[in-house]
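Raw contents of coords13.pdb, PDB, C-alpha atoms and all ligand atoms:
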```pdb
ATOM      1  CA  MET G   1       0.335 -12.003   6.463
ATOM      2  CA  SER G   2      -3.207 -13.169   6.930
ATOM      3  CA  PHE G   3      -5.832 -11.145   8.707
ATOM      4  CA  GLN G   4      -8.889 -13.148   7.831
ATOM      5  CA  LYS G   5     -11.371 -13.952  10.521
ATOM      6  CA  THR G   6     -14.311 -16.268  10.643
ATOM      7  CA  CYS G   7     -17.654 -15.192   9.231
ATOM      8  CA  ALA G   8     -19.106 -14.787  12.711
ATOM      9  CA  VAL G   9     -16.491 -12.246  13.622
ATOM     10  CA  ILE G  10     -16.930 -10.454  10.324
ATOM     11  CA  SER G  11     -20.619  -9.949  10.945
ATOM     12  CA  VAL G  12     -19.902  -8.522  14.386
ATOM     13  CA  ALA G  13     -17.342  -6.147  12.906
ATOM     14  CA  LEU G  14     -19.732  -5.126  10.194
ATOM     15  CA  LEU G  15     -22.561  -4.555  12.631
ATOM     16  CA  ALA G  16     -20.319  -2.269  14.646
ATOM     17  CA  ALA G  17     -19.321  -0.498  11.467
ATOM     18  CA  CYS G  18     -22.924   0.014  10.456
ATOM     19  CA  GLY G  19     -23.888   1.655  13.731
ATOM     20  CA  ALA G  20     -23.527   5.295  12.780
ATOM     21  CA  SER G  21     -23.423   5.107   9.034
ATOM     22  CA  LYS G  22     -24.567   7.768   6.689
ATOM     23  CA  SER G  23     -23.829   8.662   3.118
ATOM     24  CA  SER G  24     -20.713  10.719   2.524
ATOM     25  CA  PRO G  25     -21.110  14.357   1.604
ATOM     26  CA  ALA G  26     -19.422  15.953  -1.363
ATOM     27  CA  THR G  27     -15.704  16.657  -1.124
ATOM     28  CA  LYS G  28     -14.841  19.656   0.968
ATOM     29  CA  GLY G  29     -12.871  22.368  -0.781
ATOM     30  CA  SER G  30     -11.577  20.428  -3.750
ATOM     31  CA  ALA G  31      -8.442  22.198  -4.898
ATOM     32  CA  THR G  32      -7.679  23.499  -8.349
ATOM     33  CA  GLY G  33      -4.850  22.377 -10.592
ATOM     34  CA  ASP G  34      -2.562  25.080  -9.254
ATOM     35  CA  VAL G  35       0.864  23.653  -8.530
ATOM     36  CA  SER G  36       1.465  26.334  -5.927
ATOM     37  CA  GLY G  37      -1.300  24.609  -4.039
ATOM     38  CA  ASN G  38      -4.026  25.255  -1.547
ATOM     39  CA  ALA G  39      -4.810  23.759   1.809
ATOM     40  CA  PRO G  40      -5.394  19.999   1.636
ATOM     41  CA  SER G  41      -8.934  19.099   0.755
ATOM     42  CA  THR G  42      -8.956  16.236   3.207
ATOM     43  CA  GLY G  43      -8.369  16.496   6.914
ATOM     44  CA  GLY G  44      -8.424  19.472   9.223
ATOM     45  CA  ALA G  45      -4.884  20.699   8.849
ATOM     46  CA  GLY G  46      -5.663  24.258   7.945
ATOM     47  CA  ASN G  47      -3.825  25.528  11.017
ATOM     48  CA  GLN G  48      -0.424  24.469   9.713
ATOM     49  CA  PRO G  49       1.672  27.069   7.884
ATOM     50  CA  ALA G  50       2.338  26.806   4.159
ATOM     51  CA  ALA G  51       5.758  25.665   2.934
ATOM     52  CA  SER G  52       8.036  26.840   5.728
ATOM     53  CA  ALA G  53      10.329  29.786   5.091
ATOM     54  CA  ASN G  54      13.070  28.283   7.255
ATOM     55  CA  ASP G  55      12.982  25.041   5.283
ATOM     56  CA  THR G  56      16.377  25.218   3.619
ATOM     57  CA  GLY G  57      16.803  21.864   1.902
ATOM     58  CA  PRO G  58      18.415  21.254  -1.487
ATOM     59  CA  LYS G  59      16.711  22.989  -4.444
ATOM     60  CA  LEU G  60      16.401  21.476  -7.920
ATOM     61  CA  PRO G  61      14.998  22.704 -11.262
ATOM     62  CA  ALA G  62      11.218  22.201 -11.568
ATOM     63  CA  ASN G  63      10.020  18.953 -13.155
ATOM     64  CA  HIS G  64       6.246  18.630 -13.002
ATOM     65  CA  MET G  65       6.250  15.531 -15.209
ATOM     66  CA  GLY G  66       8.549  13.614 -12.884
ATOM     67  CA  ARG G  67       7.677  10.637 -10.703
ATOM     68  CA  ILE G  68       6.417  10.749  -7.131
ATOM     69  CA  PRO G  69       7.464   8.074  -4.622
ATOM     70  CA  VAL G  70       4.481   6.642  -2.746
ATOM     71  CA  LEU G  71       6.047   4.673   0.101
ATOM     72  CA  GLU G  72       4.248   1.719   1.636
ATOM     73  CA  TYR G  73       4.658   0.757   5.286
ATOM     74  CA  HIS G  74       3.062  -1.915   7.413
ATOM     75  CA  VAL G  75       4.255  -2.736  10.942
ATOM     76  CA  ILE G  76       6.788  -0.322  12.466
ATOM     77  CA  GLY G  77       8.808  -2.132  15.118
ATOM     78  CA  GLY G  78      10.378  -5.505  15.780
ATOM     79  CA  THR G  79      14.037  -6.357  15.856
ATOM     80  CA  GLN G  80      14.685  -6.840  12.160
ATOM     81  CA  ASN G  81      13.228  -5.735   8.848
ATOM     82  CA  ALA G  82      10.935  -8.110   6.973
ATOM     83  CA  LEU G  83       8.393  -7.893   4.183
ATOM     84  CA  TYR G  84       5.727  -6.385   6.431
ATOM     85  CA  THR G  85       7.909  -5.031   9.218
ATOM     86  CA  ARG G  86      10.158  -1.986   9.334
ATOM     87  CA  THR G  87      12.168  -1.479  12.504
ATOM     88  CA  VAL G  88      11.945   1.837  14.315
ATOM     89  CA  ALA G  89      15.590   2.523  13.419
ATOM     90  CA  SER G  90      14.975   1.857   9.712
ATOM     91  CA  PHE G  91      11.823   3.964   9.690
ATOM     92  CA  LYS G  92      13.723   6.849  11.266
ATOM     93  CA  ALA G  93      16.531   6.392   8.744
ATOM     94  CA  ASP G  94      13.976   6.500   5.898
ATOM     95  CA  LEU G  95      12.583   9.780   7.227
ATOM     96  CA  GLU G  96      16.079  11.282   7.447
ATOM     97  CA  ASP G  97      16.927  10.023   3.967
ATOM     98  CA  VAL G  98      13.922  11.547   2.199
ATOM     99  CA  TYR G  99      14.241  14.769   4.189
ATOM    100  CA  LYS G 100      17.909  15.193   3.294
ATOM    101  CA  ARG G 101      17.132  14.670  -0.387
ATOM    102  CA  GLY G 102      14.580  17.478  -0.309
ATOM    103  CA  TYR G 103      11.336  15.505  -0.184
ATOM    104  CA  ARG G 104       8.402  16.827   1.845
ATOM    105  CA  PRO G 105       5.267  14.809   2.653
ATOM    106  CA  ILE G 106       1.826  15.204   1.102
ATOM    107  CA  THR G 107      -1.251  12.940   0.981
ATOM    108  CA  VAL G 108      -2.627  10.956  -1.957
ATOM    109  CA  ALA G 109      -5.611  13.338  -1.970
ATOM    110  CA  GLN G 110      -3.280  16.313  -2.329
ATOM    111  CA  MET G 111      -1.541  14.628  -5.266
ATOM    112  CA  LEU G 112      -4.917  14.009  -6.942
ATOM    113  CA  ASP G 113      -5.742  17.692  -6.514
ATOM    114  CA  LYS G 114      -2.308  18.752  -7.821
ATOM    115  CA  ASN G 115      -1.981  20.498  -4.503
ATOM    116  CA  PHE G 116       1.732  20.880  -3.801
ATOM    117  CA  GLY G 117       1.351  23.828  -1.462
ATOM    118  CA  ASP G 118       3.206  21.985   1.304
ATOM    119  CA  VAL G 119       6.288  21.464  -0.881
ATOM    120  CA  PRO G 120       8.677  24.402  -1.292
ATOM    121  CA  ASP G 121       9.768  25.301  -4.844
ATOM    122  CA  GLY G 122      12.724  23.197  -5.933
ATOM    123  CA  MET G 123      11.748  20.328  -3.640
ATOM    124  CA  SER G 124       9.756  17.131  -4.195
ATOM    125  CA  PRO G 125       6.623  15.528  -2.794
ATOM    126  CA  VAL G 126       6.760  12.120  -1.113
ATOM    127  CA  ILE G 127       3.725  10.186   0.083
ATOM    128  CA  PHE G 128       3.967   7.947   3.139
ATOM    129  CA  VAL G 129       1.199   5.340   3.182
ATOM    130  CA  PHE G 130       0.622   3.171   6.250
ATOM    131  CA  ASP G 131      -1.376   0.003   5.587
ATOM    132  CA  ASP G 132      -3.315  -2.329   7.889
ATOM    133  CA  ALA G 133      -3.869  -0.109  10.979
ATOM    134  CA  SER G 134      -1.625  -2.053  13.340
ATOM    135  CA  PRO G 135      -1.069  -0.751  16.897
ATOM    136  CA  SER G 136       2.589  -0.233  15.950
ATOM    137  CA  GLN G 137       1.530   2.667  13.737
ATOM    138  CA  PHE G 138      -0.467   4.515  16.368
ATOM    139  CA  SER G 139      -0.343   3.614  20.053
ATOM    140  CA  TYR G 140      -1.369   5.425  23.167
ATOM    141  CA  ILE G 141       0.263   5.140  26.568
ATOM    142  CA  GLN G 142      -2.064   5.713  29.493
ATOM    143  CA  GLY G 143      -0.634   7.560  32.484
ATOM    144  CA  ALA G 144      -1.570   6.914  36.115
ATOM    145  CA  ASP G 145      -3.948   9.887  35.857
ATOM    146  CA  GLY G 146      -5.687   8.204  32.922
ATOM    147  CA  LYS G 147      -4.301  10.707  30.432
ATOM    148  CA  LEU G 148      -3.368   9.353  27.004
ATOM    149  CA  THR G 149      -0.152  10.285  25.264
ATOM    150  CA  ILE G 150       1.095   9.071  21.904
ATOM    151  CA  ASP G 151       3.663   6.291  22.230
ATOM    152  CA  PRO G 152       6.941   7.823  20.975
ATOM    153  CA  ASN G 153       7.908   4.460  19.469
ATOM    154  CA  SER G 154       4.782   4.117  17.341
ATOM    155  CA  ALA G 155       4.973   5.497  13.788
ATOM    156  CA  ILE G 156       2.921   8.557  14.692
ATOM    157  CA  GLY G 157       5.052   9.248  17.770
ATOM    158  CA  ILE G 158       8.223   8.991  15.696
ATOM    159  CA  TRP G 159       6.679  11.252  13.055
ATOM    160  CA  GLU G 160       5.720  13.891  15.627
ATOM    161  CA  ASP G 161       9.244  13.914  17.081
ATOM    162  CA  PHE G 162      10.767  14.124  13.619
ATOM    163  CA  MET G 163       8.553  17.102  12.780
ATOM    164  CA  LYS G 164       9.858  19.035  15.797
ATOM    165  CA  THR G 165      13.444  18.916  14.588
ATOM    166  CA  HIS G 166      12.928  19.116  10.803
ATOM    167  CA  PRO G 167      11.584  22.430   9.471
ATOM    168  CA  GLY G 168       8.979  22.087   6.739
ATOM    169  CA  TRP G 169       8.023  18.517   7.731
ATOM    170  CA  LYS G 170       4.296  18.275   8.375
ATOM    171  CA  ASN G 171       1.554  15.884   9.337
ATOM    172  CA  ARG G 172       0.802  14.623   5.854
ATOM    173  CA  GLY G 173       0.410  10.987   4.910
ATOM    174  CA  THR G 174      -2.240   8.412   4.125
ATOM    175  CA  PHE G 175      -3.506   5.691   6.470
ATOM    176  CA  CYS G 176      -5.163   2.738   4.709
ATOM    177  CA  MET G 177      -6.906   1.124   7.614
ATOM    178  CA  LEU G 178      -8.680  -2.096   8.518
ATOM    179  CA  ASN G 179     -11.477  -2.003  11.069
ATOM    180  CA  GLY G 180     -12.195  -5.666  11.707
ATOM    181  CA  ALA G 181      -9.153  -7.827  11.121
ATOM    182  CA  ALA G 182      -7.241 -10.247  13.315
ATOM    183  CA  ALA G 183      -4.308  -9.582  15.657
ATOM    184  CA  GLY G 184      -5.324  -6.055  16.589
ATOM    185  CA  HIS G 185      -5.451  -4.766  13.006
ATOM    186  CA  ASN G 186      -8.598  -2.915  13.873
ATOM    187  CA  PHE G 187      -8.145   0.847  13.839
ATOM    188  CA  PHE G 188      -4.762   0.456  15.584
ATOM    189  CA  GLY G 189      -5.664  -2.091  18.231
ATOM    190  CA  ASP G 190      -8.807  -3.466  19.740
ATOM    191  CA  THR G 191      -7.623  -5.197  22.900
ATOM    192  CA  PRO G 192      -4.737  -4.800  25.375
ATOM    193  CA  LYS G 193      -3.402  -8.105  24.068
ATOM    194  CA  TYR G 194      -2.097  -6.123  21.097
ATOM    195  CA  GLY G 195       0.305  -3.450  22.214
ATOM    196  CA  GLY G 196      -1.733  -2.593  25.305
ATOM    197  CA  GLN G 197      -4.309  -0.790  23.198
ATOM    198  CA  GLN G 198      -7.928  -0.350  24.243
ATOM    199  CA  LYS G 199     -10.943  -0.807  22.020
ATOM    200  CA  ALA G 200     -12.310   2.523  23.235
ATOM    201  CA  TRP G 201      -9.318   4.383  21.761
ATOM    202  CA  ARG G 202      -9.876   3.297  18.169
ATOM    203  CA  PHE G 203     -12.151   6.047  16.891
ATOM    204  CA  GLN G 204     -10.184   8.642  18.845
ATOM    205  CA  LYS G 205      -7.046   7.674  16.930
ATOM    206  CA  VAL G 206      -8.766   7.746  13.552
ATOM    207  CA  LYS G 207     -10.210  11.161  14.362
ATOM    208  CA  TRP G 208      -6.826  12.432  15.571
ATOM    209  CA  LEU G 209      -5.313  11.494  12.219
ATOM    210  CA  ALA G 210      -8.012  13.307  10.261
ATOM    211  CA  ASP G 211      -7.892  16.358  12.536
ATOM    212  CA  ASN G 212      -4.119  16.607  12.279
ATOM    213  CA  GLY G 213      -3.637  16.553   8.520
ATOM    214  CA  PHE G 214      -3.458  12.873   7.598
ATOM    215  CA  GLU G 215      -5.677  11.215   5.014
ATOM    216  CA  LEU G 216      -7.937   8.259   5.869
ATOM    217  CA  CYS G 217      -8.033   5.509   3.263
ATOM    218  CA  ASP G 218     -10.176   2.381   2.797
ATOM    219  CA  HIS G 219      -8.349  -0.968   2.966
ATOM    220  CA  THR G 220     -11.448  -3.209   3.462
ATOM    221  CA  ILE G 221     -12.811  -4.556   6.766
ATOM    222  CA  TRP G 222     -10.482  -7.518   7.260
ATOM    223  CA  HIS G 223      -8.052  -7.522   4.340
ATOM    224  CA  MET G 224     -10.133  -9.652   2.008
ATOM    225  CA  LYS G 225      -8.522 -11.163  -1.083
ATOM    226  CA  LEU G 226     -10.932  -9.358  -3.374
ATOM    227  CA  ASN G 227     -10.222 -11.654  -6.334
ATOM    228  CA  LYS G 228     -11.607 -14.650  -4.447
ATOM    229  CA  TYR G 229     -15.079 -13.408  -3.575
ATOM    230  CA  PRO G 230     -18.324 -12.582  -5.394
ATOM    231  CA  ASP G 231     -19.254  -8.985  -6.190
ATOM    232  CA  ALA G 232     -21.596  -8.630  -3.219
ATOM    233  CA  ALA G 233     -18.934  -9.657  -0.687
ATOM    234  CA  VAL G 234     -16.384  -7.351  -2.299
ATOM    235  CA  GLN G 235     -18.730  -4.390  -2.012
ATOM    236  CA  GLN G 236     -19.621  -5.292   1.565
ATOM    237  CA  GLN G 237     -15.932  -5.334   2.541
ATOM    238  CA  ILE G 238     -15.173  -2.005   0.933
ATOM    239  CA  ALA G 239     -18.367  -0.196   1.942
ATOM    240  CA  GLY G 240     -18.146  -1.590   5.480
ATOM    241  CA  ASN G 241     -14.683  -0.108   5.967
ATOM    242  CA  MET G 242     -15.811   3.257   4.599
ATOM    243  CA  MET G 243     -18.786   3.207   6.969
ATOM    244  CA  ALA G 244     -16.527   2.455   9.930
ATOM    245  CA  ILE G 245     -14.328   5.429   9.018
ATOM    246  CA  ASP G 246     -17.498   7.516   8.901
ATOM    247  CA  SER G 247     -18.412   6.261  12.363
ATOM    248  CA  ALA G 248     -15.083   7.591  13.657
ATOM    249  CA  VAL G 249     -15.142  10.850  11.690
ATOM    250  CA  ALA G 250     -18.701  11.717  10.766
ATOM    251  CA  GLY G 251     -19.066  12.919   7.200
ATOM    252  CA  TYR G 252     -15.464  12.114   6.206
ATOM    253  CA  LYS G 253     -15.161  11.726   2.448
ATOM    254  CA  VAL G 254     -12.857   8.774   1.744
ATOM    255  CA  ARG G 255     -11.097   9.358  -1.588
ATOM    256  CA  THR G 256      -8.450   6.640  -1.646
ATOM    257  CA  MET G 257      -8.558   2.861  -1.290
ATOM    258  CA  ALA G 258      -5.684   0.395  -1.165
ATOM    259  CA  LEU G 259      -6.116  -3.110  -2.570
ATOM    260  CA  PRO G 260      -5.301  -5.791   0.038
ATOM    261  CA  TYR G 261      -2.334  -7.774  -1.357
ATOM    262  CA  GLY G 262      -2.724  -5.695  -4.525
ATOM    263  CA  LEU G 263      -5.437  -8.096  -5.684
ATOM    264  CA  TRP G 264      -8.196  -6.746  -7.906
ATOM    265  CA  PRO G 265     -11.818  -7.890  -7.662
ATOM    266  CA  THR G 266     -13.081  -9.834 -10.677
ATOM    267  CA  ASN G 267     -15.058  -6.762 -11.666
ATOM    268  CA  LYS G 268     -12.199  -4.341 -11.420
ATOM    269  CA  SER G 269     -14.238  -1.158 -11.129
ATOM    270  CA  LEU G 270     -15.748  -2.399  -7.854
ATOM    271  CA  ALA G 271     -12.438  -1.372  -6.280
ATOM    272  CA  TRP G 272     -13.373   2.279  -6.710
ATOM    273  CA  GLN G 273     -17.119   2.292  -7.159
ATOM    274  CA  GLY G 274     -19.939   0.123  -5.881
ATOM    275  CA  THR G 275     -22.851  -0.211  -3.507
ATOM    276  CA  TRP G 276     -23.545  -2.522  -0.624
ATOM    277  CA  THR G 277     -27.150  -2.853   0.445
ATOM    278  CA  ASP G 278     -27.627  -3.857   4.042
ATOM    279  CA  PRO G 279     -29.989  -6.845   3.915
ATOM    280  CA  LYS G 280     -31.344  -6.025   7.385
ATOM    281  CA  THR G 281     -32.301  -2.423   6.748
ATOM    282  CA  GLY G 282     -32.516  -2.390   2.950
ATOM    283  CA  ILE G 283     -30.381   0.773   3.027
ATOM    284  CA  ALA G 284     -27.915   1.152   0.177
ATOM    285  CA  HIS G 285     -24.380   2.288   1.007
ATOM    286  CA  PRO G 286     -22.640   3.494  -2.141
ATOM    287  CA  TYR G 287     -18.927   4.272  -2.367
ATOM    288  CA  HIS G 288     -16.909   6.093  -4.975
ATOM    289  CA  PHE G 289     -13.178   6.667  -4.559
ATOM    290  CA  ASP G 290     -10.886   8.813  -6.685
ATOM    291  CA  ALA G 291      -7.778   6.697  -6.238
ATOM    292  CA  VAL G 292      -6.813   3.034  -5.951
ATOM    293  CA  LEU G 293      -3.368   2.113  -4.619
ATOM    294  CA  GLU G 294      -1.496  -0.933  -5.880
ATOM    295  CA  VAL G 295       1.124  -2.642  -3.710
ATOM    296  CA  ALA G 296       4.149  -2.190  -5.952
ATOM    297  CA  GLY G 297       5.242  -0.862  -9.330
ATOM    298  CA  GLY G 298       7.712   1.894  -8.430
ATOM    299  CA  PRO G 299       7.250   5.643  -8.098
ATOM    300  CA  THR G 300       3.941   6.815  -9.534
ATOM    301  CA  ARG G 301       3.372   9.134 -12.473
ATOM    302  CA  SER G 302       2.788  12.818 -11.927
ATOM    303  CA  PRO G 303      -0.838  13.971 -11.960
ATOM    304  CA  TYR G 304       0.288  16.305 -14.787
ATOM    305  CA  ASP G 305       1.358  13.301 -16.892
ATOM    306  CA  PRO G 306      -1.392  12.458 -19.442
ATOM    307  CA  GLN G 307      -0.793   8.778 -18.580
ATOM    308  CA  PHE G 308      -1.440   9.328 -14.876
ATOM    309  CA  ASP G 309      -4.188   6.898 -13.881
ATOM    310  CA  PRO G 310      -5.565   7.508 -10.386
ATOM    311  CA  HIS G 311      -7.085   4.019 -10.363
ATOM    312  CA  HIS G 312      -3.611   2.485 -10.643
ATOM    313  CA  ILE G 313      -1.323   4.358  -8.306
ATOM    314  CA  THR G 314       1.877   2.390  -7.937
ATOM    315  CA  ARG G 315       3.913   2.275  -4.744
ATOM    316  CA  VAL G 316       7.355   1.498  -3.380
ATOM    317  CA  GLN G 317       7.353  -1.015  -0.534
ATOM    318  CA  ALA G 318       9.485  -0.214   2.486
ATOM    319  CA  VAL G 319      11.487  -3.415   2.118
ATOM    320  CA  ALA G 320      15.235  -3.802   2.688
ATOM    321  CA  ASN G 321      17.038  -0.965   0.908
ATOM    322  CA  ASP G 322      14.403  -0.459  -1.807
ATOM    323  CA  ILE G 323      13.386   3.095  -0.934
ATOM    324  CA  HIS G 324      16.980   4.291  -0.910
ATOM    325  CA  THR G 325      17.662   2.552  -4.235
ATOM    326  CA  VAL G 326      14.546   3.945  -5.908
ATOM    327  CA  LEU G 327      15.325   7.480  -4.767
ATOM    328  CA  ASP G 328      18.891   7.107  -6.057
ATOM    329  CA  GLN G 329      17.539   5.977  -9.433
ATOM    330  CA  LEU G 330      15.145   8.936  -9.628
ATOM    331  CA  ASP G 331      18.041  11.312  -8.996
ATOM    332  CA  LYS G 332      20.367   9.581 -11.429
ATOM    333  CA  SER G 333      17.808   9.566 -14.240
ATOM    334  CA  LYS G 334      16.538  13.030 -13.316
ATOM    335  CA  THR G 335      12.980  11.691 -13.398
ATOM    336  CA  ARG G 336      11.925  12.920  -9.994
ATOM    337  CA  PHE G 337       8.980  15.290  -9.635
ATOM    338  CA  VAL G 338      10.233  18.685  -8.502
ATOM    339  CA  LYS G 339       7.887  21.535  -7.744
TER     340      LYS G 339
HETATM  341 ZN    ZN U 401      -2.720  -4.493   3.653
END
```
Any chance you could give the structure as structure tokens?
Ligand SMILES: [Zn+2]
Amino acid sequence: MSFQKTCAVISVALLAACGASKSSPATKGSATGDVSGNAPSTGGAGNQPAASANDTGPKLPANHMGRIPVLEYHVIGGTQNALYTRTVASFKADLEDVYKRGYRPITVAQMLDKNFGDVPDGMSPVIFVFDDASPSQFSYIQGADGKLTIDPNSAIGIWEDFMKTHPGWKNRGTFCMLNGAAAGHNFFGDTPKYGGQQKAWRFQKVKWLADNGFELCDHTIWHMKLNKYPDAAVQQQIAGNMMAIDSAVAGYKVRTMALPYGLWPTNKSLAWQGTWTDPKTGIAHPYHFDAVLEVAGGPTRSPYDPQFDPHHITRVQAVANDIHTVLDQLDKSKTRFVK
């Protein structure tokens, strides 16, 4: 799937992104290495209860060295599954599958902090990551009175419904967003042409995610193939996306980035650390992320594993029956992380 736009459009997107930029403050409330966990350090989800007492899923012996599935979704919808599309029915089936097996959702940031406070003892963390910020992930429906409600068939609407009927399931997951790509991949839709979404709703959606317990993640401005561009362009793409997130949620500390197509920049470390200096203002915009997400590679290592490398977090793509198969393998080999 290609999201690339012309240079003219990129500059417009970047200008918009630069509007309210400021440097990111230090991480709020970074958690300790306590497996019992604290509140997530990212997002404003402090009002949600800790691991629910009425959450009575299957319980397994603790395994803090086990693997954690980081699931990767793109478009939720359509009539049949494809590489970048998961139907609503399949997405719902995935949720039921992981829930039944005793997985409970956390964010990448929580994993980095070894914060498993949202996972009851004897259960396992799972991380849902949504890439590319398509309207199918987060849509609003506008009523006759102008009031906005979340579309129950968008990923967030499905998630909210699922949470109501599944004790212990919370608003935890990571959204790796684009803010200036083609076909409405711009903070979940930038024109009614794409899923009836309005440009004015974009920041509201991003803020809703942060306020409700989800993690915001950098995925570049328009899904640049980072291996094909010089250092300056790479840093502009990454910093520009971070600045746009900051425009939606002032002061938000982005900790995770996902590589578009899984492609590394020539200077690999620019994926997690760099600086873009705005030629117009001369202002430097540095970025420094704790985690980089790859596109594949299977369930990731535990943060307790000495070989855990936060700059190479592997994922499981939501393709065909892959998630189900991977979870089966983890159970069979008893290599699943259990709190
Ligand atoms: Zn992507």
At most 8 Å is the cut-off: for each residue in chain G with any atom that close to an atom of ligand ZN 401 (chain U), write down the nearest atom pair and the distance in Å rounded to one decimal, counting all atoms listed in the file, chain first then increasing number, as JSON lines.
```
{"residue": "G:His74", "atom": "CA", "partner": "U:ZN401", "partner_atom": "ZN", "distance": 7.4}
{"residue": "G:Asp131", "atom": "CA", "partner": "U:ZN401", "partner_atom": "ZN", "distance": 5.1}
{"residue": "G:Asp132", "atom": "CA", "partner": "U:ZN401", "partner_atom": "ZN", "distance": 4.8}
{"residue": "G:Cys176", "atom": "CA", "partner": "U:ZN401", "partner_atom": "ZN", "distance": 7.7}
{"residue": "G:His219", "atom": "CA", "partner": "U:ZN401", "partner_atom": "ZN", "distance": 6.7}
{"residue": "G:His223", "atom": "CA", "partner": "U:ZN401", "partner_atom": "ZN", "distance": 6.2}
{"residue": "G:Ala258", "atom": "CA", "partner": "U:ZN401", "partner_atom": "ZN", "distance": 7.5}
{"residue": "G:Leu259", "atom": "CA", "partner": "U:ZN401", "partner_atom": "ZN", "distance": 7.2}
{"residue": "G:Pro260", "atom": "CA", "partner": "U:ZN401", "partner_atom": "ZN", "distance": 4.6}
{"residue": "G:Tyr261", "atom": "CA", "partner": "U:ZN401", "partner_atom": "ZN", "distance": 6.0}
```
Practice task
Report the distance between CA of Tyr287 in chain G and CA of Ala250 in chain G in Å, rounded to one decimal place.
Solution key: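 Separation of CA of Tyr287 in chain G and CA of Ala250 in chain G: 15.1 Å.
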Handout entry: Picked residues, the PyMOL selection byres (((chain G and resi 136) around 7) and not hetatm), as a count of residues only
Key = 10
Handout entry: Top pick for closest residue to Asp328 in chain G, considering G:Pro299, G:Trp201, G:Leu216, G:Phe188 and counting only C-alpha atoms
Key = G:Pro299
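Minimum atom-to-atom distances from G:Gly196, G:Pro265, G:Gly173, G:Gly122 to Pro61 in chain G were compared using all atoms listed in the file, and the lowest value belongs to G:Gly122.
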Got a sec to write range 180-195 of chain G of the block to a file, N, CA and C atoms, as a short mmCIF file (atom, residue, chain, number, x, y, z; two decimals), in the first residue's frame?
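Here's the written file part09.cif:
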```cif
data_model
loop_
_atom_site.label_atom_id
_atom_site.label_comp_id
_atom_site.auth_asym_id
_atom_site.auth_seq_id
_atom_site.Cartn_x
_atom_site.Cartn_y
_atom_site.Cartn_z
N GLY G 180 -0.11 12.94 7.46
CA GLY G 180 -0.13 13.65 6.19
C GLY G 180 0.01 12.72 5.01
N ALA G 181 -0.68 11.60 5.05
CA ALA G 181 -0.57 10.64 3.95
C ALA G 181 -1.81 10.70 3.06
N ALA G 182 -1.78 9.91 2.01
CA ALA G 182 -2.88 9.90 1.04
C ALA G 182 -4.06 9.09 1.55
N ALA G 183 -5.17 9.21 0.84
CA ALA G 183 -6.37 8.38 1.05
C ALA G 183 -6.90 8.44 2.49
N GLY G 184 -6.82 9.60 3.09
CA GLY G 184 -7.41 9.78 4.42
C GLY G 184 -6.58 9.24 5.56
N HIS G 185 -5.37 8.76 5.27
CA HIS G 185 -4.48 8.27 6.34
C HIS G 185 -3.81 9.47 7.00
N ASN G 186 -4.62 10.22 7.66
CA ASN G 186 -4.18 11.50 8.23
C ASN G 186 -4.93 11.70 9.53
N PHE G 187 -4.39 11.12 10.60
CA PHE G 187 -5.08 11.15 11.89
C PHE G 187 -6.55 10.73 11.72
N PHE G 188 -6.75 9.60 11.05
CA PHE G 188 -8.06 8.93 10.94
C PHE G 188 -9.06 9.66 10.04
N GLY G 189 -8.54 10.35 9.03
CA GLY G 189 -9.46 10.90 8.03
C GLY G 189 -9.44 12.41 7.98
N ASP G 190 -9.24 12.92 6.77
CA ASP G 190 -9.08 14.36 6.64
C ASP G 190 -10.09 14.99 5.69
N THR G 191 -10.99 14.20 5.17
CA THR G 191 -12.03 14.72 4.28
C THR G 191 -13.18 13.71 4.21
N PRO G 192 -14.41 14.21 4.05
CA PRO G 192 -15.57 13.30 4.01
C PRO G 192 -15.47 12.22 2.95
N LYS G 193 -14.60 12.47 1.95
CA LYS G 193 -14.39 11.46 0.91
C LYS G 193 -13.94 10.12 1.53
N TYR G 194 -13.28 10.19 2.66
CA TYR G 194 -12.78 8.97 3.30
C TYR G 194 -13.58 8.68 4.57
N GLY G 195 -14.56 7.84 4.39
CA GLY G 195 -15.36 7.40 5.54
C GLY G 195 -16.18 8.50 6.18
#
```
